[in-house]
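Next comes query_20.pdb, a file with PDB, C-alpha atoms.
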```
MODEL        1
ATOM      1  CA  MET A  91     -13.178 -32.172 -69.547
ATOM      2  CA  THR A  92     -12.108 -29.871 -66.818
ATOM      3  CA  PRO A  93     -15.044 -28.991 -64.493
ATOM      4  CA  ARG A  94     -15.902 -25.322 -64.211
ATOM      5  CA  TYR A  95     -17.372 -23.645 -61.132
ATOM      6  CA  PHE A  96     -19.664 -20.683 -61.226
ATOM      7  CA  GLY A  97     -20.320 -18.447 -58.246
ATOM      8  CA  LEU A  98     -22.049 -15.173 -57.370
ATOM      9  CA  VAL A  99     -20.060 -12.232 -56.175
ATOM     10  CA  PHE A 100     -21.883  -9.516 -54.157
ATOM     11  CA  VAL A 101     -20.377  -6.050 -54.200
ATOM     12  CA  LEU A 102     -21.510  -3.416 -51.698
ATOM     13  CA  LEU A 103     -21.325   0.042 -53.157
ATOM     14  CA  ALA A 104     -20.926   3.138 -51.020
ATOM     15  CA  PRO A 105     -23.756   5.725 -51.447
ATOM     16  CA  GLU A 106     -21.451   8.070 -53.351
ATOM     17  CA  MET A 107     -20.588   5.248 -55.770
ATOM     18  CA  VAL A 108     -24.292   4.482 -56.300
ATOM     19  CA  ALA A 109     -24.965   8.155 -57.004
ATOM     20  CA  ALA A 110     -22.046   8.247 -59.439
ATOM     21  CA  GLN A 111     -23.643   5.392 -61.374
ATOM     22  CA  GLY A 112     -26.899   7.313 -61.710
ATOM     23  CA  GLN A 113     -28.874   5.443 -59.063
ATOM     24  CA  THR A 114     -30.653   7.164 -56.179
ATOM     25  CA  PRO A 115     -29.759   5.743 -52.754
ATOM     26  CA  ALA A 116     -32.687   4.660 -50.606
ATOM     27  CA  THR A 117     -33.989   7.242 -48.141
ATOM     28  CA  PRO A 118     -33.397   6.054 -44.567
ATOM     29  CA  LEU A 119     -36.493   5.517 -42.456
ATOM     30  CA  ARG A 120     -36.960   8.234 -39.867
ATOM     31  CA  ILE A 121     -39.561   9.165 -37.247
ATOM     32  CA  ALA A 122     -40.310  12.816 -36.498
ATOM     33  CA  ALA A 123     -39.241  14.040 -33.071
ATOM     34  CA  SER A 124     -42.735  15.438 -32.451
ATOM     35  CA  SER A 125     -46.237  13.991 -32.806
ATOM     36  CA  GLN A 126     -49.326  15.334 -34.538
ATOM     37  CA  ALA A 127     -52.436  15.651 -32.368
ATOM     38  CA  SER A 128     -55.927  17.099 -32.491
ATOM     39  CA  VAL A 129     -58.913  17.597 -30.229
ATOM     40  CA  GLU A 130     -62.526  18.191 -31.306
ATOM     41  CA  VAL A 131     -65.927  19.017 -29.863
ATOM     42  CA  HIS A 132     -68.982  18.095 -31.964
ATOM     43  CA  LEU A 133     -72.423  19.725 -31.856
ATOM     44  CA  ASN A 134     -75.395  17.819 -33.219
ATOM     45  CA  ALA A 135     -76.549  20.754 -35.349
ATOM     46  CA  ARG A 136     -75.167  23.087 -37.979
ATOM     47  CA  ARG A 137     -75.999  26.715 -38.511
ATOM     48  CA  ILE A 138     -76.864  27.625 -42.094
ATOM     49  CA  GLY A 139     -77.636  31.281 -42.565
ATOM     50  CA  ASN A 140     -79.512  32.386 -39.465
ATOM     51  CA  GLN A 141     -81.091  29.037 -38.679
ATOM     52  CA  TRP A 142     -79.886  25.915 -36.902
ATOM     53  CA  TYR A 143     -80.419  22.540 -38.594
ATOM     54  CA  GLU A 144     -80.069  19.262 -36.761
ATOM     55  CA  GLU A 145     -77.350  16.929 -37.959
ATOM     56  CA  ASP A 146     -78.611  15.273 -41.121
ATOM     57  CA  ALA A 147     -77.104  13.109 -43.821
ATOM     58  CA  SER A 148     -78.220  15.591 -46.478
ATOM     59  CA  LEU A 149     -76.103  18.313 -44.834
ATOM     60  CA  SER A 150     -72.415  18.248 -44.032
ATOM     61  CA  GLY A 151     -72.573  16.592 -40.623
ATOM     62  CA  PRO A 152     -72.173  18.018 -37.129
ATOM     63  CA  SER A 153     -70.592  21.356 -36.278
ATOM     64  CA  ARG A 154     -67.005  21.022 -35.150
ATOM     65  CA  ILE A 155     -64.695  22.998 -32.898
ATOM     66  CA  ALA A 156     -61.248  21.564 -33.528
ATOM     67  CA  ILE A 157     -57.644  22.325 -32.576
ATOM     68  CA  SER A 158     -54.843  20.614 -34.511
ATOM     69  CA  TYR A 159     -51.245  20.922 -33.395
ATOM     70  CA  GLY A 160     -47.745  19.522 -33.588
ATOM     71  CA  GLN A 161     -47.102  17.947 -30.196
ATOM     72  CA  PRO A 162     -43.570  18.449 -28.843
ATOM     73  CA  HIS A 163     -42.134  16.330 -26.021
ATOM     74  CA  ALA A 164     -39.948  17.603 -23.193
ATOM     75  CA  ARG A 165     -37.385  14.745 -23.101
ATOM     76  CA  GLY A 166     -35.753  16.121 -19.989
ATOM     77  CA  ARG A 167     -35.545  19.674 -21.269
ATOM     78  CA  ARG A 168     -36.833  22.689 -19.367
ATOM     79  CA  VAL A 169     -40.283  23.736 -20.608
ATOM     80  CA  GLU A 170     -41.291  27.039 -18.953
ATOM     81  CA  GLY A 171     -38.647  29.608 -19.805
ATOM     82  CA  GLY A 172     -36.838  27.035 -21.959
ATOM     83  CA  LEU A 173     -38.785  25.382 -24.748
ATOM     84  CA  ILE A 174     -41.441  28.036 -24.105
ATOM     85  CA  PRO A 175     -39.381  31.240 -24.155
ATOM     86  CA  LEU A 176     -40.045  34.150 -21.826
ATOM     87  CA  ASP A 177     -41.276  37.437 -23.339
ATOM     88  CA  THR A 178     -41.359  35.984 -26.858
ATOM     89  CA  VAL A 179     -44.334  34.815 -28.910
ATOM     90  CA  TRP A 180     -44.153  31.013 -28.945
ATOM     91  CA  ARG A 181     -45.346  28.836 -31.813
ATOM     92  CA  PHE A 182     -47.609  26.860 -29.413
ATOM     93  CA  GLY A 183     -46.511  23.451 -30.578
ATOM     94  CA  ALA A 184     -44.234  22.114 -33.289
ATOM     95  CA  ASN A 185     -43.978  22.386 -37.065
ATOM     96  CA  MET A 186     -47.052  24.088 -38.595
ATOM     97  CA  ALA A 187     -48.784  26.732 -36.490
ATOM     98  CA  THR A 188     -51.475  25.368 -34.192
ATOM     99  CA  ALA A 189     -54.817  25.678 -36.001
ATOM    100  CA  LEU A 190     -58.282  26.419 -34.594
ATOM    101  CA  HIS A 191     -61.288  25.591 -36.767
ATOM    102  CA  SER A 192     -64.833  26.409 -35.693
ATOM    103  CA  ASP A 193     -68.085  25.855 -37.586
ATOM    104  CA  VAL A 194     -69.853  28.048 -35.023
ATOM    105  CA  ASP A 195     -69.438  31.545 -33.640
ATOM    106  CA  LEU A 196     -67.325  31.130 -30.548
ATOM    107  CA  THR A 197     -66.306  33.180 -27.525
ATOM    108  CA  LEU A 198     -62.913  32.206 -26.135
ATOM    109  CA  GLY A 199     -62.250  33.903 -22.826
ATOM    110  CA  ASP A 200     -63.790  37.303 -23.564
ATOM    111  CA  LEU A 201     -62.750  37.287 -27.243
ATOM    112  CA  LYS A 202     -65.544  36.824 -29.785
ATOM    113  CA  LEU A 203     -64.539  34.765 -32.811
ATOM    114  CA  PRO A 204     -66.770  34.418 -35.877
ATOM    115  CA  ARG A 205     -66.856  30.906 -37.292
ATOM    116  CA  GLY A 206     -63.801  30.194 -39.395
ATOM    117  CA  ASP A 207     -60.126  29.264 -39.219
ATOM    118  CA  TYR A 208     -57.396  30.768 -37.055
ATOM    119  CA  ALA A 209     -53.812  30.210 -35.931
ATOM    120  CA  LEU A 210     -52.971  30.119 -32.213
ATOM    121  CA  PHE A 211     -49.809  31.307 -30.467
ATOM    122  CA  ILE A 212     -48.753  31.729 -26.824
ATOM    123  CA  LEU A 213     -47.077  34.664 -25.080
ATOM    124  CA  TYR A 214     -45.436  33.845 -21.734
ATOM    125  CA  THR A 215     -44.341  36.808 -19.588
ATOM    126  CA  ARG A 216     -43.684  37.402 -15.898
ATOM    127  CA  ALA A 217     -47.064  39.129 -15.791
ATOM    128  CA  GLY A 218     -48.865  36.009 -17.001
ATOM    129  CA  TRP A 219     -49.810  33.932 -20.023
ATOM    130  CA  ARG A 220     -51.782  35.014 -23.108
ATOM    131  CA  LEU A 221     -53.278  33.000 -25.941
ATOM    132  CA  ILE A 222     -52.922  34.902 -29.229
ATOM    133  CA  VAL A 223     -55.577  34.309 -31.881
ATOM    134  CA  ASN A 224     -54.397  35.153 -35.386
ATOM    135  CA  ARG A 225     -56.436  35.152 -38.597
ATOM    136  CA  GLY A 226     -53.571  33.742 -40.654
ATOM    137  CA  THR A 227     -53.782  30.091 -41.719
ATOM    138  CA  GLY A 228     -51.247  27.671 -43.147
ATOM    139  CA  TYR A 229     -48.379  29.303 -41.238
ATOM    140  CA  TRP A 230     -45.168  27.541 -40.374
ATOM    141  CA  GLY A 231     -45.073  27.853 -36.600
ATOM    142  CA  THR A 232     -42.285  30.426 -36.530
ATOM    143  CA  ASP A 233     -43.825  32.677 -39.204
ATOM    144  CA  TYR A 234     -45.874  34.775 -36.800
ATOM    145  CA  ASP A 235     -47.417  37.932 -38.302
ATOM    146  CA  ALA A 236     -48.649  40.287 -35.555
ATOM    147  CA  SER A 237     -50.556  42.406 -38.085
ATOM    148  CA  LYS A 238     -53.058  39.537 -38.429
ATOM    149  CA  ASP A 239     -53.838  39.245 -34.713
ATOM    150  CA  VAL A 240     -57.520  39.084 -33.849
ATOM    151  CA  GLY A 241     -56.977  39.421 -30.107
ATOM    152  CA  ARG A 242     -55.464  37.934 -26.973
ATOM    153  CA  VAL A 243     -57.009  35.813 -24.241
ATOM    154  CA  ALA A 244     -55.783  35.828 -20.635
ATOM    155  CA  LEU A 245     -55.035  32.297 -19.436
ATOM    156  CA  ALA A 246     -55.461  31.114 -15.861
ATOM    157  CA  THR A 247     -52.530  29.099 -14.532
ATOM    158  CA  ARG A 248     -52.185  26.166 -12.168
ATOM    159  CA  THR A 249     -49.070  24.245 -11.106
ATOM    160  CA  LEU A 250     -49.305  20.541 -11.904
ATOM    161  CA  PRO A 251     -48.281  18.006  -9.252
ATOM    162  CA  GLU A 252     -46.344  15.962 -11.830
ATOM    163  CA  LEU A 253     -44.450  16.780 -15.010
ATOM    164  CA  GLU A 254     -46.504  16.601 -18.202
ATOM    165  CA  GLU A 255     -44.053  15.173 -20.744
ATOM    166  CA  SER A 256     -45.979  16.118 -23.902
ATOM    167  CA  LEU A 257     -47.869  19.263 -24.829
ATOM    168  CA  SER A 258     -51.546  18.320 -24.492
ATOM    169  CA  ILE A 259     -54.580  20.437 -25.414
ATOM    170  CA  TYR A 260     -58.130  19.639 -24.293
ATOM    171  CA  LEU A 261     -61.549  21.073 -25.152
ATOM    172  CA  VAL A 262     -63.620  19.978 -22.160
ATOM    173  CA  PRO A 263     -67.415  20.489 -22.472
ATOM    174  CA  GLN A 264     -69.288  21.427 -19.310
ATOM    175  CA  SER A 265     -71.670  18.626 -18.410
ATOM    176  CA  PRO A 266     -73.618  19.428 -15.228
ATOM    177  CA  ARG A 267     -76.118  16.635 -15.993
ATOM    178  CA  PRO A 268     -73.884  13.748 -17.092
ATOM    179  CA  THR A 269     -76.622  11.110 -16.956
ATOM    180  CA  THR A 270     -78.366  12.763 -19.922
ATOM    181  CA  GLY A 271     -75.381  12.163 -22.197
ATOM    182  CA  TYR A 272     -75.363  15.818 -23.227
ATOM    183  CA  ALA A 273     -73.290  18.847 -22.276
ATOM    184  CA  ASP A 274     -73.870  22.591 -22.289
ATOM    185  CA  LEU A 275     -72.729  24.758 -25.195
ATOM    186  CA  SER A 276     -69.706  25.826 -23.197
ATOM    187  CA  GLY A 277     -66.592  24.417 -21.627
ATOM    188  CA  VAL A 278     -62.947  24.925 -20.782
ATOM    189  CA  LEU A 279     -59.853  24.996 -22.951
ATOM    190  CA  ARG A 280     -57.017  23.278 -21.035
ATOM    191  CA  ILE A 281     -53.353  23.312 -22.025
ATOM    192  CA  LYS A 282     -50.817  21.179 -20.153
ATOM    193  CA  TRP A 283     -47.060  20.951 -20.544
ATOM    194  CA  GLY A 284     -44.193  20.829 -18.121
ATOM    195  CA  THR A 285     -45.492  21.699 -14.666
ATOM    196  CA  THR A 286     -48.061  24.250 -15.859
ATOM    197  CA  GLU A 287     -51.729  23.986 -16.761
ATOM    198  CA  LEU A 288     -53.301  26.919 -18.629
ATOM    199  CA  SER A 289     -57.032  27.368 -19.092
ATOM    200  CA  ALA A 290     -59.709  29.654 -20.488
ATOM    201  CA  PRO A 291     -63.494  29.273 -20.839
ATOM    202  CA  TRP A 292     -65.211  28.924 -24.193
ATOM    203  CA  ARG A 293     -68.853  28.992 -25.277
ATOM    204  CA  VAL A 294     -70.865  28.637 -28.451
ATOM    205  CA  GLU A 295     -72.808  31.725 -29.480
ATOM    206  CA  GLN A 296     -76.356  31.127 -30.668
TER     207      GLN A 296
ENDMDL
END
```

Full structure transcribed into structure tokens:
Amino acid sequence: MTPRYFGLVFVLLAPEMVAAQGQTPATPLRIAASSQASVEVHLNARRIGNQWYEEDASLSGPSRIAISYGQPHARGRRVEGGLIPLDTVWRFGANMATALHSDVDLTLGDLKLPRGDYALFILYTRAGWRLIVNRGTGYWGTDYDASKDVGRVALATRTLPELEESLSIYLVPQSPRPTTGYADLSGVLRIKWGTTELSAPWRVEQ
């Protein structure tokens, strides 16, 4: 009897051939060019109606002041006047509009903000920098609607000694007595990117 040999033949199909046969080609793995970041300040009490209640398991936890944002990276590109355009409202981040959530009534700069949710934008001009607070939520970052502006906050500026590669936002509580482990109901909003630091004070209204 004549021996017979059996073998396996592998055929690589081009993506268009796979699609033609009714199969969906695998989606290639990708990483977004920007990061997602957030910063929060927690208070150990929550205001319900006109009264403050200490943090308790029967309630919904501590009060939060939180900023969530898409975090772009410079990657050698010019930031001020480049990625952040001059005389144009900037999306203040990447992807979805930067979101501010506050469980407490808040004053940012000299702008009073009732507790709630807001979108944040930046306006950079030769006269200075402004933070725009907008009552819209769920925006894509480029879908700015000026009719929903709540107000604008003047931002102080400082030149950084070294380049800040990634947009970074900080909510820094004031803590004049650090050994107690507690801070005052106020602080500073700091924004760093490129060679510029922007800042504005904030405080919790009681």

Subject >> Result set, the PyMOL selection byres ((chain A and resi 187) around 10) on current file, as a count of residues only >> reply: 26

**OP:** Find the distance between atom CA of Gly199 of chain A and atom CA of Arg293 of chain A and write it in Å to one decimal.
**Re:**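 Distance between the two atoms: 8.6 Å.
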
Subject >> Reference answer for the PyMOL selection byres ((chain A and resi 218) around 9), as a PyMOL selection string >> reply: chain A and resi 213-217+219-220+244-247

**OP:** I need the residue set behind the PyMOL selection byres ((chain A and resi 290) around 7) for this file; please write it as a PyMOL selection string.
**Re:** chain A and resi 198-199+245-246+278-280+289+291-292

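Nearest residue to Leu253 of chain A, choosing from A:Thr285, A:Ser265, A:Ser276, A:Gln161 and counting all atoms listed in the file: A:Thr285.
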
Complete segment 160-179 of chain A at the level of N, CA and C atoms, written as a PDB file, keeping the file's coordinate frame.
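Here's the written file result.pdb:
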```
ATOM      1  N   GLY A 160     -48.923  20.360 -33.741  1.00  0.00           N
ATOM      2  CA  GLY A 160     -47.745  19.522 -33.588  1.00  0.00           C
ATOM      3  C   GLY A 160     -47.442  19.417 -32.102  1.00  0.00           C
ATOM      4  N   GLN A 161     -47.220  18.200 -31.643  1.00  0.00           N
ATOM      5  CA  GLN A 161     -47.102  17.947 -30.196  1.00  0.00           C
ATOM      6  C   GLN A 161     -45.644  17.671 -29.814  1.00  0.00           C
ATOM      7  N   PRO A 162     -44.950  18.683 -29.277  1.00  0.00           N
ATOM      8  CA  PRO A 162     -43.570  18.449 -28.843  1.00  0.00           C
ATOM      9  C   PRO A 162     -43.512  17.695 -27.520  1.00  0.00           C
ATOM     10  N   HIS A 163     -42.354  17.101 -27.239  1.00  0.00           N
ATOM     11  CA  HIS A 163     -42.134  16.330 -26.021  1.00  0.00           C
ATOM     12  C   HIS A 163     -40.919  16.894 -25.288  1.00  0.00           C
ATOM     13  N   ALA A 164     -40.989  16.936 -23.973  1.00  0.00           N
ATOM     14  CA  ALA A 164     -39.948  17.603 -23.193  1.00  0.00           C
ATOM     15  C   ALA A 164     -38.609  16.875 -23.256  1.00  0.00           C
ATOM     16  N   ARG A 165     -38.612  15.556 -23.076  1.00  0.00           N
ATOM     17  CA  ARG A 165     -37.385  14.745 -23.101  1.00  0.00           C
ATOM     18  C   ARG A 165     -36.299  15.302 -22.181  1.00  0.00           C
ATOM     19  N   GLY A 166     -36.712  15.655 -20.975  1.00  0.00           N
ATOM     20  CA  GLY A 166     -35.753  16.121 -19.989  1.00  0.00           C
ATOM     21  C   GLY A 166     -35.365  17.578 -20.100  1.00  0.00           C
ATOM     22  N   ARG A 167     -35.883  18.268 -21.097  1.00  0.00           N
ATOM     23  CA  ARG A 167     -35.545  19.674 -21.269  1.00  0.00           C
ATOM     24  C   ARG A 167     -36.489  20.560 -20.448  1.00  0.00           C
ATOM     25  N   ARG A 168     -36.023  21.733 -20.106  1.00  0.00           N
ATOM     26  CA  ARG A 168     -36.833  22.689 -19.367  1.00  0.00           C
ATOM     27  C   ARG A 168     -37.926  23.226 -20.289  1.00  0.00           C
ATOM     28  N   VAL A 169     -39.154  23.280 -19.789  1.00  0.00           N
ATOM     29  CA  VAL A 169     -40.283  23.736 -20.608  1.00  0.00           C
ATOM     30  C   VAL A 169     -40.518  25.228 -20.407  1.00  0.00           C
ATOM     31  N   GLU A 170     -40.988  25.632 -19.220  1.00  0.00           N
ATOM     32  CA  GLU A 170     -41.291  27.039 -18.953  1.00  0.00           C
ATOM     33  C   GLU A 170     -39.990  27.848 -18.890  1.00  0.00           C
ATOM     34  N   GLY A 171     -39.870  28.825 -19.763  1.00  0.00           N
ATOM     35  CA  GLY A 171     -38.647  29.608 -19.805  1.00  0.00           C
ATOM     36  C   GLY A 171     -37.536  28.942 -20.589  1.00  0.00           C
ATOM     37  N   GLY A 172     -37.799  27.756 -21.130  1.00  0.00           N
ATOM     38  CA  GLY A 172     -36.838  27.035 -21.959  1.00  0.00           C
ATOM     39  C   GLY A 172     -37.414  26.793 -23.325  1.00  0.00           C
ATOM     40  N   LEU A 173     -38.104  25.660 -23.481  1.00  0.00           N
ATOM     41  CA  LEU A 173     -38.785  25.382 -24.748  1.00  0.00           C
ATOM     42  C   LEU A 173     -39.869  26.420 -25.036  1.00  0.00           C
ATOM     43  N   ILE A 174     -40.521  26.900 -23.978  1.00  0.00           N
ATOM     44  CA  ILE A 174     -41.441  28.036 -24.105  1.00  0.00           C
ATOM     45  C   ILE A 174     -40.681  29.265 -23.636  1.00  0.00           C
ATOM     46  N   PRO A 175     -40.240  30.111 -24.553  1.00  0.00           N
ATOM     47  CA  PRO A 175     -39.381  31.240 -24.155  1.00  0.00           C
ATOM     48  C   PRO A 175     -40.159  32.311 -23.406  1.00  0.00           C
ATOM     49  N   LEU A 176     -39.463  33.046 -22.575  1.00  0.00           N
ATOM     50  CA  LEU A 176     -40.045  34.150 -21.826  1.00  0.00           C
ATOM     51  C   LEU A 176     -40.039  35.413 -22.692  1.00  0.00           C
ATOM     52  N   ASP A 177     -41.158  36.148 -22.654  1.00  0.00           N
ATOM     53  CA  ASP A 177     -41.276  37.437 -23.339  1.00  0.00           C
ATOM     54  C   ASP A 177     -41.117  37.335 -24.858  1.00  0.00           C
ATOM     55  N   THR A 178     -41.436  36.183 -25.412  1.00  0.00           N
ATOM     56  CA  THR A 178     -41.359  35.984 -26.858  1.00  0.00           C
ATOM     57  C   THR A 178     -42.578  35.185 -27.302  1.00  0.00           C
ATOM     58  N   VAL A 179     -43.192  35.573 -28.408  1.00  0.00           N
ATOM     59  CA  VAL A 179     -44.334  34.815 -28.910  1.00  0.00           C
ATOM     60  C   VAL A 179     -43.860  33.414 -29.295  1.00  0.00           C
TER      61      VAL A 179
END
```
